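Student: Sharing upload04.tsv below, TSV, C-alpha atoms:
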```tsv
chain	number	residue	atom	x	y	z
A	22	MET	CA	-77.13	-71.29	44.87
A	23	ALA	CA	-73.39	-72.07	44.94
A	24	LEU	CA	-72.41	-75.66	44.35
A	25	LYS	CA	-70.98	-77.63	47.27
A	26	PRO	CA	-67.29	-78.62	47.11
A	27	LYS	CA	-68.25	-82.29	46.78
A	28	GLU	CA	-70.43	-81.56	43.73
A	29	LEU	CA	-67.74	-79.35	42.19
A	30	TYR	CA	-65.21	-82.15	42.63
A	31	ARG	CA	-67.63	-84.67	41.09
A	32	ARG	CA	-68.08	-82.45	38.04
A	33	PHE	CA	-64.32	-81.91	37.79
A	34	ARG	CA	-63.71	-85.68	37.86
A	35	ALA	CA	-66.38	-86.18	35.20
A	36	TRP	CA	-64.70	-83.52	33.04
A	37	GLN	CA	-61.32	-85.20	33.52
A	38	LYS	CA	-62.63	-88.47	32.12
A	39	GLU	CA	-64.71	-86.94	29.32
A	40	PRO	CA	-63.78	-83.30	28.58
A	41	VAL	CA	-65.53	-82.93	25.22
A	42	SER	CA	-68.98	-83.75	23.90
A	43	PHE	CA	-69.87	-84.13	20.26
A	44	ARG	CA	-73.19	-83.30	18.70
A	45	ILE	CA	-74.72	-83.13	15.24
A	46	LYS	CA	-74.65	-79.49	14.16
A	47	LYS	CA	-77.55	-79.78	11.74
A	48	ALA	CA	-79.77	-82.86	11.66
A	49	GLY	CA	-80.91	-84.33	8.38
A	50	VAL	CA	-79.38	-84.96	4.98
A	51	HIS	CA	-76.87	-82.46	3.56
A	52	ARG	CA	-75.59	-81.91	0.03
A	53	CYS	CA	-71.88	-81.22	-0.39
A	54	PRO	CA	-71.34	-78.02	-2.45
A	55	ASN	CA	-68.06	-79.44	-3.79
A	56	PHE	CA	-69.12	-82.87	-5.08
A	57	GLY	CA	-72.92	-82.78	-4.89
A	58	ASN	CA	-73.15	-86.00	-2.85
A	59	GLU	CA	-75.63	-86.32	-0.03
A	60	PHE	CA	-74.54	-87.24	3.50
A	61	GLU	CA	-75.58	-87.16	7.15
A	62	GLY	CA	-73.51	-85.83	10.02
A	63	ASN	CA	-71.17	-82.89	10.51
A	64	TYR	CA	-68.74	-83.42	7.60
A	65	CYS	CA	-68.76	-84.61	4.00
A	66	PRO	CA	-67.15	-88.09	3.92
A	67	VAL	CA	-65.39	-87.26	0.61
A	68	CYS	CA	-63.82	-83.84	1.13
A	69	ARG	CA	-64.36	-83.37	4.90
A	70	GLN	CA	-66.04	-79.97	4.45
A	71	ASP	CA	-68.20	-78.85	7.36
A	72	ALA	CA	-71.91	-79.47	6.85
A	73	GLY	CA	-72.61	-75.98	8.15
A	74	ASP	CA	-70.46	-74.25	5.52
A	75	GLY	CA	-72.46	-72.00	3.26
A	76	ARG	CA	-72.32	-68.31	2.57
A	77	VAL	CA	-69.56	-66.33	4.24
A	78	THR	CA	-70.68	-64.91	7.59
A	79	TRP	CA	-69.00	-63.08	10.46
A	80	LYS	CA	-68.97	-66.33	12.43
A	81	TRP	CA	-67.16	-68.06	9.56
A	82	VAL	CA	-64.57	-65.25	9.43
A	83	TYR	CA	-64.06	-65.52	13.21
A	84	GLU	CA	-63.56	-69.28	13.02
A	85	CYS	CA	-61.01	-68.89	10.20
A	86	VAL	CA	-59.02	-66.37	12.23
A	87	MET	CA	-59.07	-68.64	15.27
A	88	THR	CA	-57.89	-71.59	13.16
A	89	VAL	CA	-54.92	-69.59	11.81
A	90	TRP	CA	-53.76	-68.88	15.37
A	91	GLY	CA	-54.37	-72.44	16.59
A	92	MET	CA	-57.49	-71.51	18.55
A	93	ASP	CA	-59.97	-73.88	16.92
A	94	SER	CA	-61.32	-77.14	18.37
A	95	ARG	CA	-57.76	-78.52	18.45
A	96	SER	CA	-56.34	-75.39	20.03
A	97	MET	CA	-53.07	-75.45	21.89
A	98	PRO	CA	-54.44	-73.50	24.93
A	99	HIS	CA	-57.27	-76.03	25.27
A	100	THR	CA	-54.83	-78.95	24.99
A	101	LEU	CA	-52.46	-77.36	27.54
A	102	LEU	CA	-55.40	-76.92	29.92
A	103	GLN	CA	-56.14	-80.63	29.59
A	104	LEU	CA	-52.46	-81.50	30.01
A	105	ILE	CA	-52.36	-79.58	33.30
A	106	PHE	CA	-55.63	-80.84	34.80
A	107	ARG	CA	-56.01	-84.33	33.21
A	108	PRO	CA	-52.54	-85.31	31.92
A	109	GLY	CA	-52.91	-89.09	31.97
A	110	TYR	CA	-56.40	-89.05	30.48
A	111	LEU	CA	-55.27	-86.72	27.67
A	112	ILE	CA	-52.32	-88.99	26.82
A	113	SER	CA	-54.61	-92.02	26.95
A	114	ASP	CA	-57.08	-90.35	24.57
A	115	TYR	CA	-54.32	-89.56	22.10
A	116	ILE	CA	-52.67	-92.97	21.96
A	117	ASN	CA	-56.13	-94.58	21.73
A	118	GLY	CA	-56.83	-92.60	18.55
A	119	ARG	CA	-58.97	-89.73	19.90
A	120	ARG	CA	-56.79	-87.04	18.32
A	121	GLN	CA	-59.24	-84.73	16.61
A	122	VAL	CA	-59.57	-82.43	19.63
A	123	SER	CA	-55.87	-82.40	20.63
A	124	TYR	CA	-53.10	-80.12	19.43
A	125	THR	CA	-50.22	-82.06	17.85
A	126	PRO	CA	-47.91	-83.12	20.72
A	127	PHE	CA	-44.60	-82.54	18.89
A	128	ASN	CA	-45.65	-79.04	17.77
A	129	MET	CA	-46.81	-78.26	21.29
A	130	LEU	CA	-43.52	-79.44	22.78
A	131	PHE	CA	-41.55	-77.23	20.37
A	132	ILE	CA	-43.67	-74.13	21.16
A	133	VAL	CA	-43.56	-74.65	24.93
A	134	ALA	CA	-39.78	-75.19	24.78
A	135	LEU	CA	-39.42	-71.93	22.83
A	136	VAL	CA	-41.55	-70.09	25.41
A	137	TYR	CA	-39.42	-71.56	28.18
A	138	VAL	CA	-36.19	-70.36	26.54
A	139	ILE	CA	-37.64	-66.85	26.17
A	140	ILE	CA	-38.76	-66.74	29.81
A	141	ARG	CA	-35.40	-68.07	30.93
A	142	GLN	CA	-33.61	-65.30	29.05
A	143	LEU	CA	-35.89	-62.69	30.59
A	144	LEU	CA	-35.40	-64.02	34.13
A	145	GLY	CA	-31.67	-64.62	33.70
A	146	ALA	CA	-29.66	-67.81	33.23
A	147	GLU	CA	-28.73	-70.08	36.11
A	148	PRO	CA	-25.11	-69.73	37.31
A	149	THR	CA	-22.58	-72.34	36.21
A	150	THR	CA	-19.76	-73.91	38.26
A	151	ASP	CA	-16.05	-73.58	37.48
A	152	VAL	CA	-14.65	-77.09	36.93
A	153	GLU	CA	-11.00	-76.29	36.11
A	154	ASP	CA	-9.71	-76.66	39.68
A	155	THR	CA	-12.07	-79.48	40.60
A	156	ASN	CA	-11.15	-83.07	41.41
A	157	GLN	CA	-11.09	-85.20	38.25
A	158	SER	CA	-13.57	-87.71	39.65
A	159	ILE	CA	-16.42	-85.19	39.82
A	160	LYS	CA	-15.57	-83.08	36.76
A	161	ILE	CA	-17.94	-85.05	34.55
A	162	ILE	CA	-20.80	-84.39	36.99
A	163	LEU	CA	-20.08	-80.67	37.02
A	164	TYR	CA	-19.75	-80.56	33.23
A	165	ALA	CA	-23.14	-82.22	32.96
A	166	ARG	CA	-24.59	-79.81	35.51
A	167	ASN	CA	-23.24	-76.79	33.59
A	168	TRP	CA	-24.57	-78.12	30.28
A	169	MET	CA	-28.01	-78.59	31.85
A	170	ALA	CA	-27.89	-75.03	33.21
A	171	GLU	CA	-26.92	-73.64	29.79
A	172	HIS	CA	-29.38	-75.81	27.81
A	173	PRO	CA	-32.33	-76.33	30.16
A	174	GLY	CA	-34.87	-77.09	27.44
A	175	TRP	CA	-32.79	-79.87	25.87
A	176	ALA	CA	-31.79	-81.15	29.31
A	177	MET	CA	-35.43	-81.42	30.43
A	178	MET	CA	-36.42	-83.27	27.27
A	179	ALA	CA	-33.40	-85.60	27.45
A	180	MET	CA	-34.10	-86.49	31.09
A	181	THR	CA	-37.75	-87.13	30.33
A	182	MET	CA	-36.94	-89.32	27.31
A	183	ILE	CA	-34.78	-91.47	29.60
A	184	MET	CA	-38.08	-92.53	31.18
A	185	ILE	CA	-39.18	-94.36	27.99
A	186	LEU	CA	-37.55	-97.71	28.79
A	187	PRO	CA	-38.41	-97.80	32.53
A	188	THR	CA	-42.02	-96.93	31.71
A	189	LEU	CA	-42.18	-99.70	29.12
A	190	LEU	CA	-40.83	-102.25	31.62
A	191	LEU	CA	-42.57	-101.21	34.83
A	192	PHE	CA	-46.03	-100.53	33.37
A	193	ARG	CA	-46.19	-103.24	30.71
A	194	PHE	CA	-48.81	-105.23	32.69
A	195	ALA	CA	-50.82	-102.22	33.88
A	196	PRO	CA	-54.65	-102.43	33.97
A	197	ARG	CA	-54.80	-99.92	31.12
A	198	HIS	CA	-52.55	-99.78	28.05
A	199	THR	CA	-51.09	-103.20	28.74
A	200	ARG	CA	-47.95	-103.81	26.68
A	201	HIS	CA	-47.97	-100.34	25.16
A	202	THR	CA	-45.60	-100.07	22.21
A	203	LEU	CA	-42.38	-98.11	21.79
A	204	PRO	CA	-44.02	-95.45	19.53
A	205	GLU	CA	-46.73	-95.01	22.17
A	206	ALA	CA	-44.06	-94.74	24.87
A	207	ILE	CA	-42.38	-91.95	22.87
A	208	ILE	CA	-45.67	-90.04	22.61
A	209	ILE	CA	-46.20	-90.47	26.36
A	210	GLN	CA	-42.82	-88.90	27.09
A	211	VAL	CA	-43.33	-86.10	24.54
A	212	TYR	CA	-46.40	-85.09	26.54
A	213	MET	CA	-44.50	-85.50	29.81
A	214	SER	CA	-41.64	-83.36	28.44
A	215	THR	CA	-44.12	-80.62	27.63
A	216	LEU	CA	-45.64	-80.90	31.11
A	217	MET	CA	-42.23	-80.81	32.78
A	218	LEU	CA	-41.29	-77.70	30.79
A	219	ILE	CA	-44.47	-76.03	32.06
A	220	VAL	CA	-43.44	-77.01	35.59
A	221	ALA	CA	-39.92	-75.69	34.89
A	222	ILE	CA	-41.43	-72.32	33.94
A	223	ALA	CA	-43.33	-72.29	37.23
A	224	VAL	CA	-40.16	-73.24	39.15
A	225	ARG	CA	-38.24	-70.42	37.46
A	226	ILE	CA	-40.86	-68.01	38.78
A	227	THR	CA	-40.72	-69.48	42.29
A	228	PRO	CA	-38.90	-72.62	43.55
A	229	LEU	CA	-41.96	-73.43	45.66
A	230	PHE	CA	-43.46	-75.23	42.64
A	231	VAL	CA	-40.71	-77.89	42.55
A	232	TRP	CA	-43.11	-80.34	44.24
A	233	LEU	CA	-45.12	-80.39	41.00
A	234	ILE	CA	-42.49	-82.63	39.35
A	235	PRO	CA	-43.21	-85.81	41.39
A	236	PHE	CA	-46.88	-84.88	41.67
A	237	TYR	CA	-47.42	-84.74	37.90
A	238	TYR	CA	-45.49	-87.95	37.26
A	239	TYR	CA	-47.67	-89.69	39.84
A	240	ALA	CA	-50.96	-88.16	38.63
A	241	ALA	CA	-50.27	-88.70	34.93
A	242	TYR	CA	-49.11	-92.32	35.33
A	243	ARG	CA	-52.00	-93.21	37.60
A	244	GLN	CA	-54.58	-91.76	35.19
A	245	LEU	CA	-52.86	-93.31	32.20
A	246	PHE	CA	-52.15	-96.83	33.43
A	247	GLY	CA	-54.98	-97.37	35.91
A	248	TYR	CA	-53.08	-98.66	38.93
A	249	SER	CA	-54.24	-97.89	42.47
A	250	ARG	CA	-52.62	-95.17	44.57
A	251	TRP	CA	-49.97	-97.47	46.04
A	252	GLY	CA	-49.69	-99.50	42.84
A	253	THR	CA	-48.73	-96.39	40.90
```
Using structure tokens, write down the structure from this file.

Tutor:
Amino acid sequence: MALKPKELYRRFRAWQKEPVSFRIKKAGVHRCPNFGNEFEGNYCPVCRQDAGDGRVTWKWVYECVMTVWGMDSRSMPHTLLQLIFRPGYLISDYINGRRQVSYTPFNMLFIVALVYVIIRQLLGAEPTTDVEDTNQSIKIILYARNWMAEHPGWAMMAMTMIMILPTLLLFRFAPRHTRHTLPEAIIIQVYMSTLMLIVAIAVRITPLFVWLIPFYYYAAYRQLFGYSRWGT
């Protein structure tokens, strides 16, 4: 029997708030093959080797290959999926210390920016405006516009980073993450830069997706800081 839309939404909301579940792979006491110490849980507390590691199997080979390409438990595709469907909760998890299941935000930003540049080259660059015969008072605006058209990745990141100070001031008394610090504010905007680059890719495909820019700022900030709809 197909699930009703209300039940699907309930499960989606539950996944947004808690997307991963942890379990003990093998119950009981384990002996680390490296140091010979006994321990309980999934990993040796000394060398961090997996408790399930033993003889080489096809599963072990598969997991190694996935790790090389960033497809393990901290995979970039999985983190991007969370960034798209639970942006504020993902950011909250990361700045609260739950980082073991998230791809590194700075690495992710670099890779997404590189993908955006490649897609932009394939789709063609945006046209620039001639400023030589333009009134002096608006030349600086046109120069800035041309630079943004020629360097869209850097422009998107620069515009997003401008949000650091306003976010610190406007959300410093929010229900969640009250008085978040400057390093945390930088991480927040690194994630938002990545998200905005994803939106920029969608907008390059079709301008109809431009509405995602205000939507994602609203959704991410509401999930992250815990204000009500109108409060956000």

Student: Nearest residue to Pro40 (chain A) out of A:Pro108, A:Pro196, A:Pro126, A:Gly252, using all atoms listed in the file?

Tutor: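 The closest residue to Pro40 (chain A) is A:Pro108.
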
Student: When you count only C-alpha atoms, which of these residues is closest to Ile219 (chain A): A:Tyr237, A:Tyr110, A:Trp36, A:Trp79?

Tutor: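 Between A:Tyr237, A:Tyr110, A:Trp36, A:Trp79, the residue approaching Ile219 (chain A) most closely is A:Tyr237.
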
Student: Kindly give the distance, in Å, that separates CA of Arg34 (chain A) and CA of Ser249 (chain A), rounded to a single decimal.

Tutor: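 Between CA of Arg34 (chain A) and CA of Ser249 (chain A) the gap is 16.1 Å.
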
Student: Name the closest residue to Phe127 (chain A) among the candidates A:Tyr248, A:Tyr212, A:Trp168, A:Phe106; distances are taken between atoms, counting only C-alpha atoms.

Tutor: A:Tyr212

Student: Measuring between only C-alpha atoms, which one of A:Leu216, A:Ala72, A:Ala221, A:Leu163 shows the shortest distance to Thr100 (chain A)?

Tutor: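 Smallest separation from Thr100 (chain A) among the options: A:Leu216.
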
Student: For Leu135 (chain A), list every protein, DNA or RNA residue within 12 Å, evaluated using only C-alpha atoms, and leave out those in the same chain fewer than 2 positions away; present the list as number ranges by chain.

Tutor: A: 128-133, 137-142, 172-175, 215, 218-219, 222

Student: What would the file look like if the residues just selected were written as a PDB file, in the coordinates of the input with C-alpha atoms?

Tutor:
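Listed below is the output, part_31.pdb:
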```pdb
ATOM      1  CA  ASN A 128     -45.650 -79.040  17.770  1.00  0.00           C
ATOM      2  CA  MET A 129     -46.810 -78.260  21.290  1.00  0.00           C
ATOM      3  CA  LEU A 130     -43.520 -79.440  22.780  1.00  0.00           C
ATOM      4  CA  PHE A 131     -41.550 -77.230  20.370  1.00  0.00           C
ATOM      5  CA  ILE A 132     -43.670 -74.130  21.160  1.00  0.00           C
ATOM      6  CA  VAL A 133     -43.560 -74.650  24.930  1.00  0.00           C
ATOM      7  CA  TYR A 137     -39.420 -71.560  28.180  1.00  0.00           C
ATOM      8  CA  VAL A 138     -36.190 -70.360  26.540  1.00  0.00           C
ATOM      9  CA  ILE A 139     -37.640 -66.850  26.170  1.00  0.00           C
ATOM     10  CA  ILE A 140     -38.760 -66.740  29.810  1.00  0.00           C
ATOM     11  CA  ARG A 141     -35.400 -68.070  30.930  1.00  0.00           C
ATOM     12  CA  GLN A 142     -33.610 -65.300  29.050  1.00  0.00           C
ATOM     13  CA  HIS A 172     -29.380 -75.810  27.810  1.00  0.00           C
ATOM     14  CA  PRO A 173     -32.330 -76.330  30.160  1.00  0.00           C
ATOM     15  CA  GLY A 174     -34.870 -77.090  27.440  1.00  0.00           C
ATOM     16  CA  TRP A 175     -32.790 -79.870  25.870  1.00  0.00           C
ATOM     17  CA  THR A 215     -44.120 -80.620  27.630  1.00  0.00           C
ATOM     18  CA  LEU A 218     -41.290 -77.700  30.790  1.00  0.00           C
ATOM     19  CA  ILE A 219     -44.470 -76.030  32.060  1.00  0.00           C
ATOM     20  CA  ILE A 222     -41.430 -72.320  33.940  1.00  0.00           C
TER      21      ILE A 222
END
```

Student: Within 12 Å of (-45.9, -100.8, 21.7) (file coordinates; all atoms listed in the file), which protein or nucleic acid residues are there? I'd like them as a list in words.

Tutor: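 I get Ile116, Asn117, Ile185, Leu186, Thr188, Leu189, Leu190, Phe192, Arg193, His198, Thr199, Arg200, His201, Thr202, Leu203, Pro204, Glu205, Ala206, Ile207, Ile208 and Ile209 of chain A for the residues within 12 Å of that point.
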
Student: Which distance in Å separates CA of Met178 (chain A) and CA of Lys38 (chain A), to one decimal?

Tutor: 27.2 Å

Student: For CA of Phe194 (chain A) and CA of Gln103 (chain A), determine how far apart the two atoms are, in Å to one decimal place.

Tutor: 25.9 Å

Student: Go through A:Val224, A:Ala241, A:Leu111, A:Ala179 one by one, measure the shortest atom-to-atom distance of each to Val41 (chain A) using all atoms listed in the file, and give the residue with the smallest value.

Tutor: A:Leu111

Student: Taking only C-alpha atoms into account, which of A:Cys68, A:Met97, A:Met177, A:Ile105 comes nearest Leu233 (chain A)?

Tutor: A:Ile105

Student: Is it possible to get the axis-aligned box enclosing region 55-73 of chain A (all listed atoms, 4 Å extra per side) as lines of an AutoDock Vina configuration file, with centre and edge lengths in Å rounded to one decimal?

Tutor:
```
center_x = -69.7
center_y = -82.0
center_z = 2.7
size_x = 19.8
size_y = 20.1
size_z = 23.6
```

Student: Find the residues around Arg250 (chain A) up to 10 Å (only C-alpha atoms counted), leave out those fewer than 6 positions away in its own chain, and share them as a list in words.

Tutor: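 That gives Tyr239, Ala240 and Arg243 of chain A.
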